[in-house]
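Structure data follow from work_22.cif (mmCIF, C-alpha atoms):
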data_input
loop_
_atom_site.label_atom_id
_atom_site.label_comp_id
_atom_site.auth_asym_id
_atom_site.auth_seq_id
_atom_site.Cartn_x
_atom_site.Cartn_y
_atom_site.Cartn_z
CA MET Y 1371 -107.54 0.49 -85.39
CA GLN Y 1372 -107.55 2.47 -82.17
CA ILE Y 1373 -104.32 4.07 -81.00
CA THR Y 1374 -103.23 6.44 -78.24
CA GLY Y 1375 -101.62 9.71 -79.22
CA ALA Y 1376 -100.80 13.30 -78.22
CA VAL Y 1377 -102.94 15.81 -80.10
CA LEU Y 1378 -102.18 19.53 -80.15
CA GLU Y 1379 -105.54 21.31 -79.81
CA ARG Y 1380 -104.32 24.88 -80.36
CA CYS Y 1381 -101.11 26.73 -81.25
CA GLY Y 1382 -99.65 29.53 -79.18
CA SER Y 1383 -100.52 28.49 -75.64
CA PRO Y 1384 -98.09 29.86 -73.05
CA ALA Y 1385 -95.62 27.78 -71.09
CA PRO Y 1386 -95.65 25.98 -68.76
CA TYR Y 1387 -97.56 23.49 -70.86
CA THR Y 1388 -98.29 21.33 -67.85
CA GLN Y 1389 -100.60 24.18 -66.82
CA SER Y 1390 -101.91 25.64 -70.11
CA ARG Y 1391 -102.59 22.08 -71.40
CA PRO Y 1392 -102.68 22.57 -75.18
CA ILE Y 1393 -102.10 18.83 -75.70
CA ALA Y 1394 -104.68 16.10 -75.19
CA ILE Y 1395 -103.41 12.54 -74.81
CA GLY Y 1396 -106.05 9.96 -75.58
CA PRO Y 1397 -107.58 7.52 -78.07
CA LEU Y 1398 -107.79 8.10 -81.83
CA ASP Y 1399 -108.81 6.04 -84.83
CA LEU Y 1400 -106.13 5.21 -87.40
CA ASP Y 1401 -107.10 4.09 -90.91
CA PRO Y 1402 -105.18 1.24 -92.55
CA PRO Y 1403 -102.34 2.16 -94.92
CA GLY Y 1404 -103.27 3.05 -98.47
CA PRO Y 1405 -101.19 2.55 -101.63
CA GLY Y 1406 -97.55 3.41 -101.00
CA GLU Y 1407 -98.10 3.66 -97.23
CA LEU Y 1408 -97.03 1.75 -94.13
CA LEU Y 1409 -98.47 1.07 -90.69
CA VAL Y 1410 -95.64 1.47 -88.17
CA ARG Y 1411 -95.67 0.56 -84.49
CA ILE Y 1412 -93.74 3.37 -82.82
CA GLU Y 1413 -90.93 2.23 -80.53
CA VAL Y 1414 -89.22 5.51 -79.69
CA ALA Y 1415 -89.96 9.15 -80.58
CA GLY Y 1416 -87.68 12.12 -79.98
CA ILE Y 1417 -88.94 15.50 -78.79
CA CYS Y 1418 -87.52 18.22 -81.01
CA HIS Y 1419 -87.65 22.01 -81.03
CA SER Y 1420 -89.68 21.76 -84.24
CA ASP Y 1421 -92.45 20.16 -82.16
CA LEU Y 1422 -92.15 22.95 -79.60
CA SER Y 1423 -92.30 25.62 -82.32
CA VAL Y 1424 -95.74 24.35 -83.35
CA VAL Y 1425 -96.94 24.25 -79.74
CA ASP Y 1426 -95.74 27.79 -78.95
CA GLY Y 1427 -97.06 29.20 -82.23
CA SER Y 1428 -93.71 30.04 -83.84
CA ARG Y 1429 -94.70 27.83 -86.76
CA VAL Y 1430 -98.45 27.64 -87.06
CA ARG Y 1431 -99.87 24.36 -88.35
CA PRO Y 1432 -103.46 23.19 -88.86
CA VAL Y 1433 -104.97 21.85 -85.65
CA PRO Y 1434 -105.98 19.52 -84.18
CA MET Y 1435 -102.68 17.83 -85.05
CA LEU Y 1436 -101.02 14.67 -83.76
CA LEU Y 1437 -97.48 15.81 -83.02
CA GLY Y 1438 -94.10 14.12 -83.40
CA HIS Y 1439 -91.76 13.81 -86.38
CA GLU Y 1440 -88.56 12.07 -85.17
CA ALA Y 1441 -89.03 8.37 -84.45
CA ALA Y 1442 -88.27 4.73 -85.14
CA GLY Y 1443 -90.60 1.77 -85.25
CA ILE Y 1444 -91.51 -1.58 -86.73
CA VAL Y 1445 -93.55 -1.99 -89.92
CA GLU Y 1446 -96.71 -3.95 -89.10
CA ALA Y 1447 -98.58 -3.64 -92.39
CA ALA Y 1448 -97.93 -2.34 -95.89
CA GLY Y 1449 -100.30 -0.92 -98.47
CA PRO Y 1450 -100.19 -1.85 -102.14
CA GLY Y 1451 -97.07 -0.83 -104.03
CA THR Y 1452 -94.66 -0.73 -101.09
CA ALA Y 1453 -91.35 -2.57 -101.15
CA ILE Y 1454 -90.57 -2.36 -97.42
CA ALA Y 1455 -91.27 -5.66 -95.68
CA VAL Y 1456 -93.40 -6.16 -92.59
CA GLY Y 1457 -91.16 -6.59 -89.56
CA ARG Y 1458 -88.46 -4.12 -90.67
CA ARG Y 1459 -87.30 -1.39 -88.32
CA VAL Y 1460 -87.56 2.00 -89.98
CA VAL Y 1461 -86.31 5.51 -89.28
CA MET Y 1462 -89.04 8.12 -89.69
CA THR Y 1463 -88.04 11.30 -91.54
CA PHE Y 1464 -90.06 14.51 -91.61
CA LEU Y 1465 -89.75 15.46 -95.28
CA PRO Y 1466 -90.97 12.83 -97.75
CA ARG Y 1467 -89.50 13.10 -101.24
CA CYS Y 1468 -91.63 12.35 -104.28
CA GLY Y 1469 -88.51 11.80 -106.40
CA HIS Y 1470 -90.05 13.48 -109.43
CA CYS Y 1471 -90.22 17.24 -108.87
CA GLU Y 1472 -87.51 19.72 -109.83
CA ALA Y 1473 -86.54 20.21 -106.16
CA CYS Y 1474 -85.93 16.48 -105.74
CA GLY Y 1475 -83.39 16.75 -108.55
CA THR Y 1476 -81.14 19.05 -106.48
CA GLY Y 1477 -79.56 16.24 -104.45
CA GLY Y 1478 -81.14 17.37 -101.19
CA ARG Y 1479 -80.40 21.08 -101.48
CA LEU Y 1480 -84.08 21.97 -101.91
CA PRO Y 1481 -86.99 20.35 -100.06
CA CYS Y 1482 -89.41 18.33 -102.15
CA THR Y 1483 -92.24 20.51 -103.49
CA ALA Y 1484 -94.94 17.86 -103.00
CA GLY Y 1485 -93.61 16.81 -99.58
CA SER Y 1486 -93.47 20.41 -98.38
CA ALA Y 1487 -97.03 21.06 -99.55
CA ALA Y 1488 -98.31 17.94 -97.79
CA ASN Y 1489 -96.49 18.89 -94.59
CA ALA Y 1490 -98.00 22.38 -94.62
CA ALA Y 1491 -101.48 20.98 -95.21
CA GLY Y 1492 -101.20 18.35 -92.46
CA THR Y 1493 -101.67 15.42 -94.86
CA LEU Y 1494 -99.56 12.48 -95.97
CA LEU Y 1495 -97.57 12.67 -99.20
CA GLY Y 1496 -100.35 11.02 -101.21
CA GLY Y 1497 -102.93 13.40 -99.81
CA GLY Y 1498 -105.64 12.81 -97.26
CA VAL Y 1499 -105.61 12.10 -93.55
CA ARG Y 1500 -105.52 8.71 -91.86
CA LEU Y 1501 -106.23 9.97 -88.32
CA HIS Y 1502 -109.67 10.63 -86.81
CA ARG Y 1503 -111.17 11.38 -83.42
CA ASP Y 1504 -114.87 11.11 -82.78
CA GLY Y 1505 -115.36 11.04 -86.54
CA ASP Y 1506 -113.40 14.24 -87.21
CA ALA Y 1507 -110.07 14.41 -89.02
CA VAL Y 1508 -106.86 14.98 -87.05
CA ASN Y 1509 -103.95 16.43 -89.03
CA HIS Y 1510 -100.57 14.77 -89.47
CA HIS Y 1511 -97.39 16.49 -88.28
CA LEU Y 1512 -94.75 16.56 -91.02
CA GLY Y 1513 -96.06 13.33 -92.47
CA VAL Y 1514 -95.16 11.32 -89.37
CA SER Y 1515 -97.24 12.06 -86.21
CA ALA Y 1516 -95.01 9.89 -84.06
CA PHE Y 1517 -96.24 10.85 -80.58
CA ALA Y 1518 -98.54 7.84 -80.70
CA THR Y 1519 -98.49 4.09 -80.38
CA HIS Y 1520 -98.82 3.66 -84.15
CA ALA Y 1521 -98.59 5.79 -87.30
CA VAL Y 1522 -99.53 5.44 -90.95
CA VAL Y 1523 -96.90 7.12 -93.13
CA ALA Y 1524 -95.87 7.28 -96.74
CA ALA Y 1525 -93.13 4.81 -97.56
CA ALA Y 1526 -91.15 7.85 -98.75
CA SER Y 1527 -91.12 9.07 -95.13
CA VAL Y 1528 -89.05 6.15 -93.81
CA VAL Y 1529 -85.63 4.58 -94.23
CA PRO Y 1530 -85.19 0.90 -93.24
CA VAL Y 1531 -82.32 0.00 -90.91
CA ASP Y 1532 -81.01 -3.34 -89.71
CA ASP Y 1533 -82.03 -4.88 -86.42
CA ASP Y 1534 -78.64 -4.17 -84.82
CA VAL Y 1535 -79.53 -0.45 -84.77
CA PRO Y 1536 -81.53 -0.02 -81.53
CA PRO Y 1537 -84.70 2.06 -81.68
CA ASP Y 1538 -83.37 4.94 -79.57
CA ILE Y 1539 -80.40 5.35 -81.94
CA ALA Y 1540 -82.60 4.89 -85.03
CA ALA Y 1541 -85.02 7.57 -83.84
CA LEU Y 1542 -82.27 10.17 -83.52
CA LEU Y 1543 -81.16 9.55 -87.09
CA GLY Y 1544 -84.45 10.84 -88.50
CA CYS Y 1545 -84.13 14.49 -87.50
CA ALA Y 1546 -81.33 15.46 -85.10
CA VAL Y 1547 -78.59 13.63 -86.99
CA LEU Y 1548 -79.91 14.19 -90.50
CA THR Y 1549 -80.29 17.91 -89.80
CA GLY Y 1550 -77.20 18.58 -87.69
CA GLY Y 1551 -74.90 16.13 -89.40
CA GLY Y 1552 -76.11 17.18 -92.82
CA ALA Y 1553 -75.37 20.82 -92.04
CA VAL Y 1554 -71.74 19.76 -91.71
CA VAL Y 1555 -71.47 17.06 -94.38
CA ASN Y 1556 -73.81 18.27 -97.11
CA ALA Y 1557 -74.08 22.03 -96.68
CA GLY Y 1558 -70.78 22.97 -95.01
CA ARG Y 1559 -68.42 20.45 -96.62
CA PRO Y 1560 -65.35 21.36 -94.55
CA ARG Y 1561 -61.92 20.43 -95.84
CA PRO Y 1562 -59.96 17.81 -93.87
CA GLY Y 1563 -58.72 19.18 -90.57
CA GLN Y 1564 -60.72 22.41 -90.68
CA THR Y 1565 -62.28 23.59 -87.44
CA VAL Y 1566 -66.07 23.52 -87.20
CA ALA Y 1567 -67.98 25.70 -84.74
CA VAL Y 1568 -71.56 24.97 -83.69
CA VAL Y 1569 -73.74 27.72 -82.22
CA GLY Y 1570 -76.67 26.30 -80.26
CA LEU Y 1571 -76.10 22.96 -78.53
CA GLY Y 1572 -79.57 21.45 -78.39
CA GLY Y 1573 -80.25 18.11 -80.02
CA VAL Y 1574 -79.50 19.24 -83.57
CA GLY Y 1575 -76.44 21.27 -82.62
CA ALA Y 1576 -75.03 18.49 -80.47
CA ALA Y 1577 -75.56 16.07 -83.35
CA ALA Y 1578 -73.65 18.42 -85.67
CA LEU Y 1579 -70.86 18.52 -83.11
CA LEU Y 1580 -70.74 14.72 -82.88
CA VAL Y 1581 -70.69 14.24 -86.64
CA ALA Y 1582 -67.93 16.83 -87.09
CA LYS Y 1583 -65.89 15.07 -84.39
CA ALA Y 1584 -66.55 11.69 -85.99
CA LEU Y 1585 -65.10 13.01 -89.24
CA GLY Y 1586 -61.94 14.21 -87.50
CA HIS Y 1587 -62.57 17.95 -87.28
CA PRO Y 1588 -61.63 20.10 -84.28
CA VAL Y 1589 -64.90 21.47 -82.90
CA ILE Y 1590 -65.98 24.53 -80.94
CA GLY Y 1591 -69.37 24.44 -79.22
CA VAL Y 1592 -71.07 27.75 -78.39
CA ASP Y 1593 -74.07 28.17 -76.09
CA THR Y 1594 -75.30 30.22 -73.15
CA VAL Y 1595 -76.44 27.25 -71.03
CA PRO Y 1596 -73.70 25.96 -68.68
CA ALA Y 1597 -74.98 22.37 -68.75
CA LYS Y 1598 -74.85 22.27 -72.54
CA LEU Y 1599 -71.34 23.70 -72.51
CA ALA Y 1600 -70.34 20.99 -70.04
CA THR Y 1601 -71.77 18.35 -72.37
CA ALA Y 1602 -69.90 19.80 -75.35
CA SER Y 1603 -66.67 19.74 -73.36
CA ALA Y 1604 -67.29 16.12 -72.35
CA LEU Y 1605 -67.77 15.27 -76.02
CA GLY Y 1606 -64.33 16.65 -76.83
CA ALA Y 1607 -65.22 20.13 -78.05
CA GLU Y 1608 -63.87 23.46 -76.94
CA ALA Y 1609 -66.87 24.96 -75.14
CA LEU Y 1610 -67.41 28.73 -75.19
CA THR Y 1611 -70.11 31.23 -74.36
CA PRO Y 1612 -70.89 33.79 -77.10
CA ASP Y 1613 -68.85 36.38 -75.18
CA GLU Y 1614 -65.90 34.00 -74.91
CA ALA Y 1615 -66.16 33.24 -78.62
CA ALA Y 1616 -66.01 36.93 -79.59
CA GLY Y 1617 -63.01 37.56 -81.82
CA ARG Y 1618 -62.55 33.93 -82.85
CA ARG Y 1619 -62.79 33.14 -86.58
CA VAL Y 1620 -63.55 29.64 -87.90
CA PRO Y 1621 -63.85 28.32 -91.50
CA LEU Y 1622 -67.23 26.64 -90.96
CA VAL Y 1623 -69.89 27.68 -88.46
CA ILE Y 1624 -73.22 25.89 -87.99
CA GLU Y 1625 -76.11 27.86 -86.47
CA ALA Y 1626 -78.55 25.45 -84.84
CA ALA Y 1627 -80.36 27.59 -82.26
CA GLY Y 1628 -83.11 29.06 -84.40
CA ALA Y 1629 -82.70 32.58 -83.03
CA ALA Y 1630 -81.65 35.81 -84.72
CA ARG Y 1631 -78.97 36.55 -82.13
CA ALA Y 1632 -77.50 33.08 -82.58
CA PHE Y 1633 -77.31 33.68 -86.32
CA GLU Y 1634 -75.46 36.94 -85.68
CA THR Y 1635 -73.06 35.13 -83.35
CA ALA Y 1636 -72.46 32.41 -85.94
CA TYR Y 1637 -71.84 34.94 -88.69
CA ALA Y 1638 -69.40 36.89 -86.51
CA LEU Y 1639 -67.50 33.64 -85.84
CA THR Y 1640 -67.05 32.87 -89.53
CA ALA Y 1641 -63.61 33.51 -90.97
CA PRO Y 1642 -62.92 35.33 -94.25
CA GLY Y 1643 -63.61 32.90 -97.05
CA GLY Y 1644 -65.65 30.79 -94.65
CA THR Y 1645 -69.19 29.47 -94.62
CA THR Y 1646 -72.06 30.04 -92.21
CA VAL Y 1647 -74.70 27.29 -92.38
CA THR Y 1648 -78.02 27.97 -90.70
CA VAL Y 1649 -80.38 25.10 -89.87
CA GLY Y 1650 -82.32 26.76 -87.06
CA LEU Y 1651 -85.97 27.76 -87.54
CA PRO Y 1652 -86.56 31.15 -85.90
CA ARG Y 1653 -89.94 32.83 -85.73
CA PRO Y 1654 -91.06 34.16 -89.14
CA ASP Y 1655 -90.82 37.76 -87.92
CA ALA Y 1656 -87.28 37.38 -86.52
CA ARG Y 1657 -84.64 39.64 -88.08
CA ALA Y 1658 -80.83 39.51 -87.85
CA SER Y 1659 -78.31 42.23 -88.57
CA ILE Y 1660 -75.06 41.63 -90.46
CA ALA Y 1661 -72.72 43.87 -92.44
CA PRO Y 1662 -73.33 43.10 -96.13
CA LEU Y 1663 -69.88 44.43 -97.00
CA THR Y 1664 -68.28 41.43 -95.31
CA LEU Y 1665 -69.96 39.07 -97.77
CA THR Y 1666 -68.07 40.73 -100.61
CA ALA Y 1667 -64.90 41.98 -98.96
CA GLU Y 1668 -64.29 38.73 -97.08
CA ALA Y 1669 -65.71 36.37 -99.73
CA ARG Y 1670 -68.15 34.87 -97.22
CA THR Y 1671 -70.90 32.34 -97.92
CA VAL Y 1672 -74.18 31.96 -96.03
CA VAL Y 1673 -76.08 28.72 -96.66
CA GLY Y 1674 -79.56 27.74 -95.55
CA SER Y 1675 -79.98 24.02 -94.96
CA TYR Y 1676 -83.33 22.29 -94.39
CA LEU Y 1677 -83.14 18.75 -92.99
CA GLY Y 1678 -79.39 19.00 -93.41
CA SER Y 1679 -79.76 19.17 -97.21
CA ALA Y 1680 -80.16 15.42 -96.91
CA VAL Y 1681 -81.42 12.64 -99.11
CA PRO Y 1682 -82.38 10.37 -96.19
CA GLY Y 1683 -82.01 7.10 -98.07
CA ASP Y 1684 -78.40 8.00 -98.84
CA ASP Y 1685 -77.47 9.77 -95.62
CA VAL Y 1686 -78.95 7.52 -92.91
CA PRO Y 1687 -76.72 4.54 -93.88
CA ARG Y 1688 -73.67 6.82 -93.69
CA TYR Y 1689 -74.45 7.74 -90.08
CA VAL Y 1690 -75.27 4.13 -89.21
CA ASP Y 1691 -71.80 3.14 -90.42
CA LEU Y 1692 -70.17 5.82 -88.27
CA TRP Y 1693 -72.21 4.61 -85.27
CA ARG Y 1694 -71.25 0.96 -85.90
CA GLN Y 1695 -67.59 1.92 -86.03
CA GLY Y 1696 -67.90 3.55 -82.61
CA ASP Y 1697 -67.16 7.02 -83.97
CA LEU Y 1698 -70.66 8.47 -83.48
CA PRO Y 1699 -71.82 7.97 -79.86
CA LEU Y 1700 -75.42 9.07 -80.41
CA ASP Y 1701 -76.48 7.81 -76.98
CA ARG Y 1702 -74.73 10.91 -75.60
CA LEU Y 1703 -77.52 13.04 -77.10
CA VAL Y 1704 -80.18 11.49 -74.87
CA SER Y 1705 -80.97 13.59 -71.82
CA ASP Y 1706 -84.05 11.68 -70.61
CA ARG Y 1707 -86.44 8.84 -71.43
CA ILE Y 1708 -90.12 9.31 -70.63
CA ASP Y 1709 -93.55 7.89 -71.40
CA LEU Y 1710 -96.17 9.66 -73.50
CA GLU Y 1711 -97.90 11.14 -70.45
CA GLY Y 1712 -94.69 13.02 -69.65
CA LEU Y 1713 -94.76 15.00 -72.91
CA PRO Y 1714 -96.07 18.34 -71.52
CA ALA Y 1715 -93.37 18.43 -68.83
CA ALA Y 1716 -90.76 17.46 -71.42
CA LEU Y 1717 -91.83 20.39 -73.62
CA ASP Y 1718 -91.43 22.68 -70.61
CA ARG Y 1719 -87.88 21.40 -70.09
CA LEU Y 1720 -87.12 21.91 -73.78
CA ALA Y 1721 -88.52 25.47 -73.71
CA ALA Y 1722 -86.33 26.23 -70.70
CA GLY Y 1723 -83.20 25.02 -72.53
CA GLU Y 1724 -82.72 22.15 -70.10
CA ALA Y 1725 -82.66 19.23 -72.56
CA LEU Y 1726 -80.81 17.83 -75.55
CA ARG Y 1727 -82.99 14.97 -76.77
CA GLN Y 1728 -85.76 13.57 -74.62
CA LEU Y 1729 -87.10 10.27 -75.91
CA ILE Y 1730 -90.63 8.93 -75.55
CA VAL Y 1731 -90.30 5.17 -75.14
CA PHE Y 1732 -93.42 3.18 -75.97
CA SER Y 1733 -94.33 -0.09 -74.32
CA THR Y 1734 -93.71 -3.26 -76.30
CA ASP Y 1735 -96.71 -4.99 -74.70
#
Will you turn the file into structure tokens for me?
Amino acid sequence: MQITGAVLERCGSPAPYTQSRPIAIGPLDLDPPGPGELLVRIEVAGICHSDLSVVDGSRVRPVPMLLGHEAAGIVEAAGPGTAIAVGRRVVMTFLPRCGHCEACGTGGRLPCTAGSAANAAGTLLGGGVRLHRDGDAVNHHLGVSAFATHAVVAAASVVPVDDDVPPDIAALLGCAVLTGGGAVVNAGRPRPGQTVAVVGLGGVGAAALLVAKALGHPVIGVDTVPAKLATASALGAEALTPDEAAGRRVPLVIEAAGAARAFETAYALTAPGGTTVTVGLPRPDARASIAPLTLTAEARTVVGSYLGSAVPGDDVPRYVDLWRQGDLPLDRLVSDRIDLEGLPAALDRLAAGEALRQLIVFSTD
């Protein structure tokens, strides 16, 4: 079938992307789903810093590549061997799990070996590419490629949700909430009543803040952008700049900015005996400086957490329940809704630190 999607032609183009134009929006051919795969009509896709990091060259991926990894949609067709019914709304997740490798046996702590290899190669979990343009293959982004009207994905890349979960909420569950919330719930595991600090209040950081609040923890939000601090304050957090946070010590600190200086700020905020969880993805050559003595003398723990150390099939229902109860107002994460043609400008806003989660809303016609 023919679809419309946003293809990254080259990595490392400079901002503003409305001028450098590394993304081409146009028609592509999408193969039908193979065994264990689904055809999904995309309803809503979120624009995440992980998309931007491929565009700006921080994380180089094979191009051309159809971008997008955080989304929700409706299953329109299923390949052989899939148990998810046509017509179900699904949350797209960016790390499929084979369920058989040693990493999949760690309860989410380690990313699936097969899923990680497929993501790096630009293929689906079962191998191969289902996207083509003018007869040439177009790579998949993290097994999803959601900046398009339709996607073919491995069934292991989705989690079904009920119809009462609207698509804009469902989309956020697939990356921002799994990653940010999981940094708190799965990697940080704070004790009841402990304060949680979040450094970096983009979409993932704000989601971590919301989940910590939903679970009853006092929260401190740290950022350099006044608008993000205002949002954190409106969400019930104590909002501080890094300078204002200097000298504070907190049992659990989540670093969600993906920058070396943010990691240093998060580590400095962590109390003796406390835990620093880092979910940000800085450039590969980024380096941070900490005093190793404090790890021993203060019995500190530093934890890396990819996709919030989540098992999506277990974690997504947990967040849906919190949302249904009114404790997790995920709509507060949405800073703008756009169409696909607005993607380059949205990436510029994200690069400038002006957005939490911008959502691409696809027509239902």
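Closest to Ser1679 in chain Y among Y:Ile1393, Y:Ile1708, Y:Ala1553, Y:Val1531 is Y:Ala1553, based on only C-alpha atoms.
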For the point (-104.8, 16.4, -77.2) in file coordinates, what residues are within 7 Å, counting all atoms listed in the file? Give the answer as a compact mmCIF listing (two decimals) with C-alpha atoms, in the coordinates of the input?
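Saved the output as result.txt:
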# COMPACT_ATOMS: atom_id res chain seq x y z
CA ALA Y 1376 -100.80 13.30 -78.22
CA VAL Y 1377 -102.94 15.81 -80.10
CA LEU Y 1378 -102.18 19.53 -80.15
CA GLU Y 1379 -105.54 21.31 -79.81
CA PRO Y 1392 -102.68 22.57 -75.18
CA ILE Y 1393 -102.10 18.83 -75.70
CA ALA Y 1394 -104.68 16.10 -75.19
CA ILE Y 1395 -103.41 12.54 -74.81
CA GLY Y 1396 -106.05 9.96 -75.58
Residues at most 9 Å from Ala1415 in chain Y, counting all atoms listed in the file, excluding those fewer than 4 positions away in the same chain, as a compact mmCIF listing (two decimals) with C-alpha atoms, in the frame of the given file?
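Dumped to part_29.txt:
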# COMPACT_ATOMS: atom_id res chain seq x y z
CA GLY Y 1438 -94.10 14.12 -83.40
CA HIS Y 1439 -91.76 13.81 -86.38
CA GLU Y 1440 -88.56 12.07 -85.17
CA ALA Y 1441 -89.03 8.37 -84.45
CA ALA Y 1442 -88.27 4.73 -85.14
CA GLY Y 1443 -90.60 1.77 -85.25
CA ALA Y 1516 -95.01 9.89 -84.06
CA PHE Y 1517 -96.24 10.85 -80.58
CA ALA Y 1518 -98.54 7.84 -80.70
CA PRO Y 1537 -84.70 2.06 -81.68
CA ASP Y 1538 -83.37 4.94 -79.57
CA ALA Y 1541 -85.02 7.57 -83.84
CA LEU Y 1542 -82.27 10.17 -83.52
CA GLN Y 1728 -85.76 13.57 -74.62
CA LEU Y 1729 -87.10 10.27 -75.91
CA ILE Y 1730 -90.63 8.93 -75.55
CA VAL Y 1731 -90.30 5.17 -75.14
CA PHE Y 1732 -93.42 3.18 -75.97
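Evaluating the PyMOL selection byres ((chain Y and resi 1544) around 8) against the shown model yields Glu1440, Ala1441, Ala1442, Val1461, Met1462, Thr1463, Phe1464, Ala1540, Ala1541, Leu1542, Leu1543, Cys1545, Ala1546, Val1547, Leu1548, Pro1682 and Val1686 of chain Y.
If all atoms listed in the file are the atoms counted, then among Y:His1510, Y:Thr1594, Y:Pro1466, Y:Asp1504 the closest residue to Ser1486 in chain Y is Y:Pro1466.
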Which polymer residues have any atom within 12 Å of an atom of Tyr1689 in chain Y, counting all atoms listed in the file, with same-chain residues fewer than 6 positions away left out, as a PyMOL selection string?
-> chain Y and resi 1531+1535+1539-1540+1542-1544+1546-1552+1555+1577-1578+1580-1582+1584-1585+1680+1682-1683+1695-1700
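Comparing the minimum interatomic distances between Val1414 in chain Y and each of Y:Arg1391, Y:His1520, Y:Arg1670, Y:His1502, counting all atoms listed in the file, we find that Y:His1520 sits nearest.
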Explicit residues for the PyMOL selection byres ((chain Y and resi 1381) around 12) (as a PDB file with C-alpha atoms, in the coordinates of the input):
ATOM      1  CA  VAL Y1377    -102.940  15.810 -80.100  1.00  0.00           C
ATOM      2  CA  LEU Y1378    -102.180  19.530 -80.150  1.00  0.00           C
ATOM      3  CA  GLU Y1379    -105.540  21.310 -79.810  1.00  0.00           C
ATOM      4  CA  ARG Y1380    -104.320  24.880 -80.360  1.00  0.00           C
ATOM      5  CA  GLY Y1382     -99.650  29.530 -79.180  1.00  0.00           C
ATOM      6  CA  SER Y1383    -100.520  28.490 -75.640  1.00  0.00           C
ATOM      7  CA  PRO Y1384     -98.090  29.860 -73.050  1.00  0.00           C
ATOM      8  CA  ALA Y1385     -95.620  27.780 -71.090  1.00  0.00           C
ATOM      9  CA  TYR Y1387     -97.560  23.490 -70.860  1.00  0.00           C
ATOM     10  CA  SER Y1390    -101.910  25.640 -70.110  1.00  0.00           C
ATOM     11  CA  ARG Y1391    -102.590  22.080 -71.400  1.00  0.00           C
ATOM     12  CA  PRO Y1392    -102.680  22.570 -75.180  1.00  0.00           C
ATOM     13  CA  ILE Y1393    -102.100  18.830 -75.700  1.00  0.00           C
ATOM     14  CA  ASP Y1421     -92.450  20.160 -82.160  1.00  0.00           C
ATOM     15  CA  LEU Y1422     -92.150  22.950 -79.600  1.00  0.00           C
ATOM     16  CA  SER Y1423     -92.300  25.620 -82.320  1.00  0.00           C
ATOM     17  CA  VAL Y1424     -95.740  24.350 -83.350  1.00  0.00           C
ATOM     18  CA  VAL Y1425     -96.940  24.250 -79.740  1.00  0.00           C
ATOM     19  CA  ASP Y1426     -95.740  27.790 -78.950  1.00  0.00           C
ATOM     20  CA  GLY Y1427     -97.060  29.200 -82.230  1.00  0.00           C
ATOM     21  CA  SER Y1428     -93.710  30.040 -83.840  1.00  0.00           C
ATOM     22  CA  ARG Y1429     -94.700  27.830 -86.760  1.00  0.00           C
ATOM     23  CA  VAL Y1430     -98.450  27.640 -87.060  1.00  0.00           C
ATOM     24  CA  ARG Y1431     -99.870  24.360 -88.350  1.00  0.00           C
ATOM     25  CA  PRO Y1432    -103.460  23.190 -88.860  1.00  0.00           C
ATOM     26  CA  VAL Y1433    -104.970  21.850 -85.650  1.00  0.00           C
ATOM     27  CA  PRO Y1434    -105.980  19.520 -84.180  1.00  0.00           C
ATOM     28  CA  MET Y1435    -102.680  17.830 -85.050  1.00  0.00           C
ATOM     29  CA  LEU Y1437     -97.480  15.810 -83.020  1.00  0.00           C
TER      30      LEU Y1437
END
Which one of Y:Val1569, Y:Ala1627, Y:Ala1576, Y:Leu1677 sits closest to Arg1479 in chain Y if you count all atoms listed in the file?
-> Y:Leu1677
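Note that CA of Pro1652 in chain Y and CA of Arg1727 in chain Y are 18.9 Å apart.
Matched in the shown structure by the PyMOL selection byres ((chain Y and resi 1565) around 7): Gly1563, Gln1564, Val1566, Ala1567, His1587, Pro1588, Val1589, Val1620, Pro1621 and Leu1622 of chain Y.
Using only C-alpha atoms, the nearest neighbour of Gly1457 in chain Y within the list Y:Pro1530, Y:Pro1562, Y:Gly1591, Y:Gly1628 is Y:Pro1530.
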Could you give me, as a PDB file with C-alpha atoms, keeping the file's coordinate frame, the residues within 8 Å of Val1568 in chain Y, counting all atoms listed in the file and dropping anything in the same chain fewer than 2 positions from it?
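So the final result, stored in selection21.pdb, reads:
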ATOM      1  CA  VAL Y1566     -66.070  23.520 -87.200  1.00  0.00           C
ATOM      2  CA  GLY Y1570     -76.670  26.300 -80.260  1.00  0.00           C
ATOM      3  CA  LEU Y1571     -76.100  22.960 -78.530  1.00  0.00           C
ATOM      4  CA  GLY Y1575     -76.440  21.270 -82.620  1.00  0.00           C
ATOM      5  CA  ALA Y1578     -73.650  18.420 -85.670  1.00  0.00           C
ATOM      6  CA  LEU Y1579     -70.860  18.520 -83.110  1.00  0.00           C
ATOM      7  CA  VAL Y1589     -64.900  21.470 -82.900  1.00  0.00           C
ATOM      8  CA  ILE Y1590     -65.980  24.530 -80.940  1.00  0.00           C
ATOM      9  CA  GLY Y1591     -69.370  24.440 -79.220  1.00  0.00           C
ATOM     10  CA  VAL Y1592     -71.070  27.750 -78.390  1.00  0.00           C
ATOM     11  CA  VAL Y1623     -69.890  27.680 -88.460  1.00  0.00           C
ATOM     12  CA  ILE Y1624     -73.220  25.890 -87.990  1.00  0.00           C
ATOM     13  CA  GLU Y1625     -76.110  27.860 -86.470  1.00  0.00           C
ATOM     14  CA  ALA Y1626     -78.550  25.450 -84.840  1.00  0.00           C
ATOM     15  CA  ALA Y1636     -72.460  32.410 -85.940  1.00  0.00           C
TER      16      ALA Y1636
END
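Closest to Thr1635 in chain Y among Y:Val1649, Y:Ala1658, Y:Leu1409, Y:Ala1602 is Y:Ala1658, based on only C-alpha atoms.
One finds CA of Ile1444 in chain Y at 17.5 Å from CA of Pro1687 in chain Y.
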